Amino acid sequence: MSSETVTVDLGDRTYPIHIGPGLLDRAGELILPVMSGNRVLIVTDDQVAPLYLERLERSLAAAGAMPMHTVMPAGEKTKDFPHLEALLDAMLSTRVERGTLIVALGGGVVGDLTGFAASILLRGVDFVQIPTTLLAQVDSSVGGKTGINTRHGKNLVGAFHQPRLVLADTALLDTLPRRQVLAGYAEVVKYGIIDDPDFFTWLEANGAALIAGDAEARRHAVATSCRAKARIVAADEREGGVRALLNLGHTFGHALEAETGFSDELLHGEGVAIGMVMALRLSAMLGLSPQADAERLVRHLDSVGLPSGLAGPRLWDVARLIGHMRGDKKVKDGAMTFVLARSIGGGFLSRDVPEDTLATLLAEMAAGR
Ligand SMILES: NC(=O)c1ccc[n+]([C@@H]2O[C@H](COP(=O)([O-])OP(=O)(O)OC[C@H]3O[C@@H](n4cnc5c(N)ncnc54)[C@H](O)[C@@H]3O)[C@@H](O)[C@H]2O)c1
Ligand SMILES: O=C(O)C(=O)C[C@@H](O)[C@H](O)[C@H](O)COP(=O)(O)O
Ligand SMILES: [Zn+2]
């Protein structure tokens, strides 16, 4: 199976996303053109390190680079101030220089944390993304959003800092646990709902195979997702408008993540899956889309094993959820912005969601309906 390259067109900060199986062993050769010296500092986590760190270091050394590494604890709780400080401290302890290339090897947590550290280290150093989860390959490694969570909410401190290159070796997904594959799949489904109904239909036919490990289906989904994200980011890098569509399901999902304390109880992608159902049901309640589209999404999520509602032992507090949503970065003059959909493939932004309709939806879903 061959690899392909998608370009994120940002003028003099344009960069390639290389996609395909087996690319990790070509990392040295692919990264060489963006190196300004021979020092490379790899940041990874303690679950990815035993799987892929040695291969990456070998490939870099073969290309003439001097790789060093630092390993962070795996999981969402690492995206916080104490771990950011620990990472910056580890980086500075290696006598990092402005020409040292930082490489994030891991999922979205490693990518977001490392990218943010790179954006402020020595007032900004270059970094490369080597995403190892489906979520990171289809979404978080592309577009330059980096950051951490705070006690006030999700991703509330961060920076736009674009990578110099993204290297998505789709064969690395073979070791990813099924729950993590599913969480990443939620962000794949998102692209279909935003503006690609044919892709959604393709996912209905091929999603199960993709999740089960079909290499060609995975490569196609990663490439299609990256093309969609690259197009949106190139049009609106700093989310002045259209980029906010990539936030479909996230105003809800981030509130659910905050409420569950950024713990394993709810992964980011799982929150996005439930959040997308909320967005489509809200659109239908407001008479803006057919109820059948929300039902179609629920059917698809249920068929692959992603959550589509709030069923479970937890008692969700509607007022608290709305409180979290008020801290969303899309709030303008105190008013919340929602990504709604007129249809599957018809995402749009709205500031006109009455709070009582929102509260009714959340209460229904909190009651398991
Ligand atoms: N910056 C963005 O644009 C953006 C977009 C989407 C999500 N995000 C963020 O990404 C984060 C979620 O990322 P994630 O879902 O990748 O989670 P993650 O980084 O926590 O990775 C999930 C788990 O899989 C393990 N893992 C990673 N690669 C593996 C592999 N190949 N084989 C076996 N195990 C592997 C990790 O160690 C971790 O335990 C969230 O914080 C979310 O907010 C950011
Ligand atoms: O790249 C974007 O833009 C996105 O919104 C992608 C999302 O999947 C991602 O979770 C992002 O981090 C959410 O952005 P935020 O600005 O709401 O933190
Ligand atoms: Zn997301």
# chains A, B, ... in the order shown; residues from 1 in each chain; ligands from 1
call {"tool": "residues_around", "arguments": {"residues": "Asp196 (chain A)", "least_positions_apart": "4", "cutoff": "8 Å", "atoms": "only C-alpha atoms", "output": "number ranges by chain"}}
result
A: 191-192, 200, 344-345
call {"tool": "write_last_selection", "arguments": {"atoms": "C-alpha atoms", "output": "PDB file, in the first residue's frame"}}
result
ATOM      1  CA  TYR A 191     -16.206  15.328   8.987  1.00  0.00           C
ATOM      2  CA  GLY A 192     -19.126  13.569   7.309  1.00  0.00           C
ATOM      3  CA  PHE A 200     -20.838   9.623   6.013  1.00  0.00           C
ATOM      4  CA  ILE A 344     -25.951  15.189   7.569  1.00  0.00           C
ATOM      5  CA  GLY A 345     -23.357  17.178   5.630  1.00  0.00           C
TER       6      GLY A 345
END
call {"tool": "closest_atom_pairs", "arguments": {"of": "region 244-341 of chain A", "to": "region 205-208 of chain A", "cutoff": "10 Å", "atoms": "only C-alpha atoms", "output": "tab-separated table"}}
result
residue	atom	partner	partner_atom	distance
A:His300	CA	A:Gly207	CA	8.9
A:Leu301	CA	A:Gly207	CA	9.8
A:Ser303	CA	A:Ala208	CA	8.1
A:Val304	CA	A:Ala208	CA	6.0
A:Gly305	CA	A:Ala208	CA	9.4
call {"tool": "write_last_selection", "arguments": {"atoms": "C-alpha atoms", "output": "short mmCIF file (atom, residue, chain, number, x, y, z; two decimals), in the first residue's frame"}}
result
data_model
loop_
_atom_site.label_atom_id
_atom_site.label_comp_id
_atom_site.auth_asym_id
_atom_site.auth_seq_id
_atom_site.Cartn_x
_atom_site.Cartn_y
_atom_site.Cartn_z
CA HIS A 300 -24.54 4.44 13.11
CA LEU A 301 -22.87 5.20 16.45
CA SER A 303 -23.84 -0.04 15.31
CA VAL A 304 -20.10 0.51 15.83
CA GLY A 305 -20.28 0.64 19.64
#
call {"tool": "residues_around", "arguments": {"residues": "region 40-48 of chain A", "least_positions_apart": "4", "cutoff": "10 Å", "atoms": "only C-alpha atoms", "output": "VMD selection string"}}
result
chain A and resid 35 52 to 53 56 to 57 60 to 61 65 to 75 78 87 90 to 91 94 96 to 97 99 to 107 109 to 111 113 to 115 127 to 130 132 to 133 172 175 to 176
call {"tool": "atom_distance", "arguments": {"atom1": "CA of Ile274 (chain A)", "atom2": "CA of Val331 (chain A)"}}
result
20.6 Å
call {"tool": "residues_around", "arguments": {"residues": "region 10-14 of chain A", "least_positions_apart": "3", "cutoff": "12 Å", "atoms": "only C-alpha atoms", "output": "list in words"}}
result
Val6, Thr7, Ile17, Val34, Asp126, Val142, Gly143, Gly144, His161, Gln162, Pro163, Arg164, Leu165, Val166, Ala230, Arg231, Ile232, Val233, Ala234, Ala235, Asp236, Glu237 and Arg238 of chain A
call {"tool": "write_last_selection", "arguments": {"atoms": "N, CA and C atoms", "output": "mmCIF file, in the first residue's frame"}}
result
data_model
loop_
_atom_site.group_PDB
_atom_site.id
_atom_site.type_symbol
_atom_site.label_atom_id
_atom_site.label_comp_id
_atom_site.auth_asym_id
_atom_site.auth_seq_id
_atom_site.Cartn_x
_atom_site.Cartn_y
_atom_site.Cartn_z
ATOM 1 N N VAL A 6 -0.883 14.985 2.033
ATOM 2 C CA VAL A 6 -1.876 16.063 2.011
ATOM 3 C C VAL A 6 -1.139 17.325 2.459
ATOM 4 N N THR A 7 -1.450 18.460 1.833
ATOM 5 C CA THR A 7 -0.739 19.694 2.182
ATOM 6 C C THR A 7 -1.654 20.639 2.959
ATOM 7 N N ILE A 17 1.371 16.538 5.322
ATOM 8 C CA ILE A 17 0.956 15.429 6.190
ATOM 9 C C ILE A 17 1.221 14.165 5.374
ATOM 10 N N VAL A 34 13.276 19.410 7.456
ATOM 11 C CA VAL A 34 12.813 20.495 8.332
ATOM 12 C C VAL A 34 13.746 20.690 9.533
ATOM 13 N N ASP A 126 10.510 24.876 16.637
ATOM 14 C CA ASP A 126 9.784 24.047 15.670
ATOM 15 C C ASP A 126 9.424 22.693 16.264
ATOM 16 N N VAL A 142 -3.109 17.899 13.202
ATOM 17 C CA VAL A 142 -3.214 18.829 12.072
ATOM 18 C C VAL A 142 -3.878 20.124 12.539
ATOM 19 N N GLY A 143 -3.346 21.261 12.150
ATOM 20 C CA GLY A 143 -4.080 22.502 12.376
ATOM 21 C C GLY A 143 -3.522 23.428 13.431
ATOM 22 N N GLY A 144 -2.597 22.917 14.266
ATOM 23 C CA GLY A 144 -1.865 23.816 15.140
ATOM 24 C C GLY A 144 -2.551 24.242 16.427
ATOM 25 N N HIS A 161 0.065 26.918 17.158
ATOM 26 C CA HIS A 161 1.480 26.704 16.796
ATOM 27 C C HIS A 161 1.503 25.535 15.816
ATOM 28 N N GLN A 162 1.710 25.844 14.549
ATOM 29 C CA GLN A 162 1.622 24.798 13.524
ATOM 30 C C GLN A 162 2.867 23.912 13.546
ATOM 31 N N PRO A 163 2.671 22.607 13.328
ATOM 32 C CA PRO A 163 3.857 21.744 13.174
ATOM 33 C C PRO A 163 4.543 22.023 11.854
ATOM 34 N N ARG A 164 5.801 21.603 11.730
ATOM 35 C CA ARG A 164 6.524 21.734 10.460
ATOM 36 C C ARG A 164 6.182 20.588 9.517
ATOM 37 N N LEU A 165 5.675 19.503 10.094
ATOM 38 C CA LEU A 165 5.396 18.307 9.303
ATOM 39 C C LEU A 165 4.586 17.335 10.169
ATOM 40 N N VAL A 166 3.717 16.569 9.518
ATOM 41 C CA VAL A 166 2.975 15.518 10.232
ATOM 42 C C VAL A 166 3.267 14.192 9.536
ATOM 43 N N ALA A 230 -7.394 19.997 6.550
ATOM 44 C CA ALA A 230 -6.409 20.904 5.928
ATOM 45 C C ALA A 230 -7.120 22.039 5.181
ATOM 46 N N ARG A 231 -8.208 21.697 4.492
ATOM 47 C CA ARG A 231 -8.950 22.715 3.730
ATOM 48 C C ARG A 231 -9.541 23.766 4.682
ATOM 49 N N ILE A 232 -10.134 23.323 5.776
ATOM 50 C CA ILE A 232 -10.778 24.251 6.712
ATOM 51 C C ILE A 232 -9.729 25.114 7.424
ATOM 52 N N VAL A 233 -8.622 24.489 7.839
ATOM 53 C CA VAL A 233 -7.577 25.230 8.554
ATOM 54 C C VAL A 233 -6.934 26.265 7.629
ATOM 55 N N ALA A 234 -6.726 25.878 6.365
ATOM 56 C CA ALA A 234 -6.111 26.821 5.414
ATOM 57 C C ALA A 234 -7.030 28.023 5.196
ATOM 58 N N ALA A 235 -8.340 27.794 5.274
ATOM 59 C CA ALA A 235 -9.290 28.889 5.047
ATOM 60 C C ALA A 235 -9.431 29.795 6.269
ATOM 61 N N ASP A 236 -9.170 29.255 7.464
ATOM 62 C CA ASP A 236 -9.474 30.012 8.689
ATOM 63 C C ASP A 236 -8.623 29.477 9.840
ATOM 64 N N GLU A 237 -7.330 29.791 9.785
ATOM 65 C CA GLU A 237 -6.386 29.180 10.738
ATOM 66 C C GLU A 237 -6.775 29.428 12.192
ATOM 67 N N ARG A 238 -7.212 30.666 12.510
ATOM 68 C CA ARG A 238 -7.408 31.025 13.918
ATOM 69 C C ARG A 238 -8.863 31.053 14.364
#
